[in-house]
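Q: Sending over a structure as structure tokens; questions will come in a sec.
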Amino acid sequence: MNSHSVIVARRGGPEVLEYLPVDLVEPGPGEVRIRSEACGISSYDAMLRRYSFPGAPKPPYTPGEDVVGFVDAVGDGVTAPSLGDRVAAWTFGDAGCYAEYVTVSAERTVPVPAGLDAATAVALVVNYLTAEAAMHKAAAVAEGERALIHGVAGGVGSALAQLGSRAGLEMYGTASAHNHDLVRELGVTPIDYRNEDFVARVGELTGDGVDVVFDLIGGGRQLWRSSRCLRKGGRLVLLGMASANRSGRGVIPASLLVVAMMNLLPNGKRSPGMPSLDKVATADMGWYRDTIADLLDHAASGQMTPLVAGRFPLAEARRAHERMAEGGYAGKLVLMAGG
Ligand SMILES: NC(=O)c1ccc[n+]([C@@H]2O[C@H](COP(=O)([O-])OP(=O)(O)OC[C@H]3O[C@@H](n4cnc5c(N)ncnc54)[C@H](OP(=O)(O)O)[C@@H]3O)[C@@H](O)[C@H]2O)c1
């Protein structure tokens, strides 16, 4: 039986994404196959599509890190989930989710409440896991601390804002001006990074700076300026390099250099490493499953509302990546595979 997947045929821009018929794969021992309803798009997918770096999948491959759908086949030895169960899963960096059918290890699946919108559910998976790990494992935030979130209107940034609100943080965030009303609704004081000097603005707003900066943008100059927003004892968590999509992969070594320098300077500021999400989750599958289940429950009961920036049919993944390259959206772009 045939199904369809999106394939990155070679490295390049959105034009390298092809929607092709593929053979349906039977799940192996310990695996389940998911008939996808929705999968998430992230700027990480765009970085992998464009650049080769250690650990990146080699073309041809199917991109995508998170999926929500119904179990339609189970491999030997699987006791849960069962056929027909609705589940969410993250692929732990193995990609493969821009597809009508996705095969994953059964232990990576988490039940999804009936009635929860599929795009909303998938928007919670990798972005909110990343935000949880950054906030509670890397930065170890305490109630009442001040945080600056760069790229706060994006998928991970808006997740950080919602989790920061739950953690009782006082929050500031950089975003384009057209997203400022939405940023305020997230409980964050917006800073227009395109037209304002964010270092000066943080100084004006806070007096002596923030306790934590979550930086999703990266780049040597950006990180150095972020470190200047910290008060004594402050932590800078580098958890993304969105600027690589515009400025090239040179931002990666430049970012790592600034982080290393920060940890050498005796100025009371430091940059705790962002733990590798797949290592954290692999080492503690209970944390992985409980965190996603808790987030899905909060979404189902309306206590947390992930932002869905736009929905595209799976077959139009190329158009969705073009939309991502344009920027200016808020939240997570999603590919809809169902129906
Ligand atoms: N560590 C992990 O495990 C992990 C997991 C997931 C994602 N990530 C990384 O996190 C980063 C963000 O991912 P995402 O999915 O949230 O991307 P996204 O949804 O595209 O959001 C990026 C946001 O950054 C804004 N932005 C762009 N340049 C900026 C600048 N110079 N200053 C402030 N804001 C700026 C964009 O807004 P405008 O363009 O509208 O201004 C956009 O809202 C990516 O590098 C991704 O690879 C890391």
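Note on naming: chains are A, B, ... as they come in the structure tokens, residues start from 1 per chain, ligands start from 1 in the order shown.
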Return as JSON lines the residues of chain A lying at most 6 Å from ligand 1, together with the closest atom-to-atom pair for each and the distance in Å to one decimal, counting only C-alpha atoms and all ligand atoms, with rows in chain order and ascending residue number.

A:
{"residue": "A:Ser42", "atom": "CA", "partner": "ligand 1", "partner_atom_place_in_ligand_line": "15 (O)", "distance": 4.0}
{"residue": "A:Ser43", "atom": "CA", "partner": "ligand 1", "partner_atom_place_in_ligand_line": "17 (O)", "distance": 4.8}
{"residue": "A:Tyr44", "atom": "CA", "partner": "ligand 1", "partner_atom_place_in_ligand_line": "47 (O)", "distance": 3.5}
{"residue": "A:Asn127", "atom": "CA", "partner": "ligand 1", "partner_atom_place_in_ligand_line": "6 (C)", "distance": 5.4}
{"residue": "A:Thr130", "atom": "CA", "partner": "ligand 1", "partner_atom_place_in_ligand_line": "3 (O)", "distance": 5.0}
{"residue": "A:His150", "atom": "CA", "partner": "ligand 1", "partner_atom_place_in_ligand_line": "33 (C)", "distance": 4.8}
{"residue": "A:Gly151", "atom": "CA", "partner": "ligand 1", "partner_atom_place_in_ligand_line": "34 (N)", "distance": 3.4}
{"residue": "A:Ala153", "atom": "CA", "partner": "ligand 1", "partner_atom_place_in_ligand_line": "43 (O)", "distance": 4.4}
{"residue": "A:Gly154", "atom": "CA", "partner": "ligand 1", "partner_atom_place_in_ligand_line": "21 (O)", "distance": 3.3}
{"residue": "A:Gly155", "atom": "CA", "partner": "ligand 1", "partner_atom_place_in_ligand_line": "16 (O)", "distance": 3.7}
{"residue": "A:Val156", "atom": "CA", "partner": "ligand 1", "partner_atom_place_in_ligand_line": "16 (O)", "distance": 3.7}
{"residue": "A:Gly157", "atom": "CA", "partner": "ligand 1", "partner_atom_place_in_ligand_line": "16 (O)", "distance": 5.5}
{"residue": "A:Thr174", "atom": "CA", "partner": "ligand 1", "partner_atom_place_in_ligand_line": "33 (C)", "distance": 4.9}
{"residue": "A:Ala175", "atom": "CA", "partner": "ligand 1", "partner_atom_place_in_ligand_line": "34 (N)", "distance": 4.9}
{"residue": "A:Ser176", "atom": "CA", "partner": "ligand 1", "partner_atom_place_in_ligand_line": "41 (O)", "distance": 4.2}
{"residue": "A:Tyr193", "atom": "CA", "partner": "ligand 1", "partner_atom_place_in_ligand_line": "32 (N)", "distance": 5.5}
{"residue": "A:Leu216", "atom": "CA", "partner": "ligand 1", "partner_atom_place_in_ligand_line": "11 (C)", "distance": 4.7}
{"residue": "A:Ile217", "atom": "CA", "partner": "ligand 1", "partner_atom_place_in_ligand_line": "30 (C)", "distance": 5.8}
{"residue": "A:Leu239", "atom": "CA", "partner": "ligand 1", "partner_atom_place_in_ligand_line": "1 (N)", "distance": 4.3}
{"residue": "A:Gly240", "atom": "CA", "partner": "ligand 1", "partner_atom_place_in_ligand_line": "45 (O)", "distance": 3.6}
{"residue": "A:Met241", "atom": "CA", "partner": "ligand 1", "partner_atom_place_in_ligand_line": "45 (O)", "distance": 3.7}
{"residue": "A:Ala242", "atom": "CA", "partner": "ligand 1", "partner_atom_place_in_ligand_line": "45 (O)", "distance": 3.5}
{"residue": "A:Leu277", "atom": "CA", "partner": "ligand 1", "partner_atom_place_in_ligand_line": "3 (O)", "distance": 5.3}
{"residue": "A:Gly327", "atom": "CA", "partner": "ligand 1", "partner_atom_place_in_ligand_line": "39 (O)", "distance": 4.2}
{"residue": "A:Gly328", "atom": "CA", "partner": "ligand 1", "partner_atom_place_in_ligand_line": "40 (O)", "distance": 3.2}
{"residue": "A:Tyr329", "atom": "CA", "partner": "ligand 1", "partner_atom_place_in_ligand_line": "40 (O)", "distance": 5.5}
{"residue": "A:Ala330", "atom": "CA", "partner": "ligand 1", "partner_atom_place_in_ligand_line": "43 (O)", "distance": 5.8}
{"residue": "A:Gly331", "atom": "CA", "partner": "ligand 1", "partner_atom_place_in_ligand_line": "19 (O)", "distance": 5.7}
{"residue": "A:Lys332", "atom": "CA", "partner": "ligand 1", "partner_atom_place_in_ligand_line": "19 (O)", "distance": 5.6}

Q: Could the residues in this selection be saved with C-alpha atoms as an mmCIF file, in the first residue's frame?

A:
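Heads up, here's the output in out.cif:
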data_model
loop_
_atom_site.group_PDB
_atom_site.id
_atom_site.type_symbol
_atom_site.label_atom_id
_atom_site.label_comp_id
_atom_site.auth_asym_id
_atom_site.auth_seq_id
_atom_site.Cartn_x
_atom_site.Cartn_y
_atom_site.Cartn_z
ATOM 1 C CA SER A 42 9.938 24.577 13.088
ATOM 2 C CA SER A 43 12.832 26.748 12.045
ATOM 3 C CA TYR A 44 15.032 23.810 13.091
ATOM 4 C CA ASN A 127 8.346 23.463 21.627
ATOM 5 C CA THR A 130 12.242 22.475 24.930
ATOM 6 C CA HIS A 150 14.224 36.677 22.542
ATOM 7 C CA GLY A 151 11.898 35.679 19.688
ATOM 8 C CA ALA A 153 6.294 35.507 19.491
ATOM 9 C CA GLY A 154 7.725 32.355 17.863
ATOM 10 C CA GLY A 155 6.880 28.739 18.581
ATOM 11 C CA VAL A 156 9.414 28.139 21.366
ATOM 12 C CA GLY A 157 9.336 31.779 22.555
ATOM 13 C CA THR A 174 11.796 40.839 21.849
ATOM 14 C CA ALA A 175 9.417 40.627 18.886
ATOM 15 C CA SER A 176 8.453 42.545 15.761
ATOM 16 C CA TYR A 193 14.124 44.431 18.385
ATOM 17 C CA LEU A 216 16.610 31.623 20.526
ATOM 18 C CA ILE A 217 18.355 33.839 17.994
ATOM 19 C CA LEU A 239 18.584 27.317 23.085
ATOM 20 C CA GLY A 240 18.289 28.161 19.419
ATOM 21 C CA MET A 241 20.023 29.805 16.473
ATOM 22 C CA ALA A 242 17.123 31.186 14.438
ATOM 23 C CA LEU A 277 16.606 17.380 24.800
ATOM 24 C CA GLY A 327 8.593 35.554 9.086
ATOM 25 C CA GLY A 328 6.094 37.836 10.764
ATOM 26 C CA TYR A 329 3.849 35.065 12.135
ATOM 27 C CA ALA A 330 3.193 34.224 15.781
ATOM 28 C CA GLY A 331 3.351 30.706 17.232
ATOM 29 C CA LYS A 332 3.790 27.385 15.480
#

Q: Using only C-alpha atoms, what does the table of region 30-72 of chain A residues within 9 Å of region 86-110 of chain A look like, with each row giving the shortest atom pair and its distance in Å to one decimal, sorted by chain and ascending number, as CSV?

A:
residue,atom,partner,partner_atom,distance
A:Gly30,CA,A:Ala106,CA,5.9
A:Glu31,CA,A:Ser105,CA,4.2
A:Val32,CA,A:Ala106,CA,5.4
A:Arg33,CA,A:Thr103,CA,4.3
A:Ile34,CA,A:Val102,CA,5.1
A:Arg35,CA,A:Tyr101,CA,4.7
A:Ser36,CA,A:Glu100,CA,5.3
A:Glu37,CA,A:Glu100,CA,7.9
A:Ala38,CA,A:Tyr98,CA,8.6
A:Cys39,CA,A:Cys97,CA,6.1
A:Gly40,CA,A:Cys97,CA,8.0
A:Ile41,CA,A:Tyr98,CA,8.6
A:Asp45,CA,A:Ala95,CA,8.6
A:Gly55,CA,A:Gly93,CA,8.9
A:Ala56,CA,A:Gly93,CA,8.7
A:Pro57,CA,A:Asp94,CA,7.6
A:Tyr61,CA,A:Gly96,CA,7.2
A:Thr62,CA,A:Gly96,CA,4.6
A:Pro63,CA,A:Ala95,CA,4.9
A:Gly64,CA,A:Cys97,CA,4.3
A:Glu65,CA,A:Ala95,CA,4.9
A:Asp66,CA,A:Trp90,CA,4.5
A:Val67,CA,A:Ala89,CA,5.5
A:Val68,CA,A:Ala88,CA,4.3
A:Gly69,CA,A:Arg86,CA,5.6
A:Phe70,CA,A:Arg86,CA,4.4
A:Val71,CA,A:Arg86,CA,6.5
A:Asp72,CA,A:Tyr101,CA,8.8

Q: Would you export the selected residues with C-alpha atoms as an mmCIF file, in the first residue's frame, please?

A:
data_model
loop_
_atom_site.group_PDB
_atom_site.id
_atom_site.type_symbol
_atom_site.label_atom_id
_atom_site.label_comp_id
_atom_site.auth_asym_id
_atom_site.auth_seq_id
_atom_site.Cartn_x
_atom_site.Cartn_y
_atom_site.Cartn_z
ATOM 1 C CA GLY A 30 8.378 -2.236 20.061
ATOM 2 C CA GLU A 31 7.132 0.260 17.456
ATOM 3 C CA VAL A 32 3.761 1.662 16.449
ATOM 4 C CA ARG A 33 2.624 3.278 13.232
ATOM 5 C CA ILE A 34 0.642 6.516 13.535
ATOM 6 C CA ARG A 35 -1.842 7.741 10.913
ATOM 7 C CA SER A 36 -1.031 11.413 11.186
ATOM 8 C CA GLU A 37 -3.551 14.165 11.809
ATOM 9 C CA ALA A 38 -0.959 16.937 12.203
ATOM 10 C CA CYS A 39 2.774 17.480 12.433
ATOM 11 C CA GLY A 40 4.709 20.540 13.546
ATOM 12 C CA ILE A 41 7.017 22.774 11.486
ATOM 13 C CA ASP A 45 13.510 21.934 10.119
ATOM 14 C CA GLY A 55 24.048 14.651 13.456
ATOM 15 C CA ALA A 56 21.822 16.179 10.742
ATOM 16 C CA PRO A 57 19.916 13.642 8.599
ATOM 17 C CA TYR A 61 14.987 12.263 4.269
ATOM 18 C CA THR A 62 11.562 13.200 5.644
ATOM 19 C CA PRO A 63 11.678 16.207 8.014
ATOM 20 C CA GLY A 64 9.539 16.881 11.095
ATOM 21 C CA GLU A 65 10.003 16.240 14.790
ATOM 22 C CA ASP A 66 6.494 15.920 16.237
ATOM 23 C CA VAL A 67 3.219 14.249 15.295
ATOM 24 C CA VAL A 68 -0.336 13.716 16.558
ATOM 25 C CA GLY A 69 -2.566 10.984 15.155
ATOM 26 C CA PHE A 70 -4.144 7.563 15.584
ATOM 27 C CA VAL A 71 -2.269 4.276 16.037
ATOM 28 C CA ASP A 72 -3.051 2.151 12.974
#

Q: What's the 7 Å shell around Tyr172 (chain A), counting only C-alpha atoms, without same-chain residues fewer than 4 positions away, as a PyMOL selection string?

A: chain A and resi 147-149+188-190

Q: Got a sec to tell me which of region 67-203 of chain A DSSP assigns to helix (DSSP H, G or I), as a PyMOL selection string?

A: chain A and resi 106-108+118-138+155-166+177-185+198-203
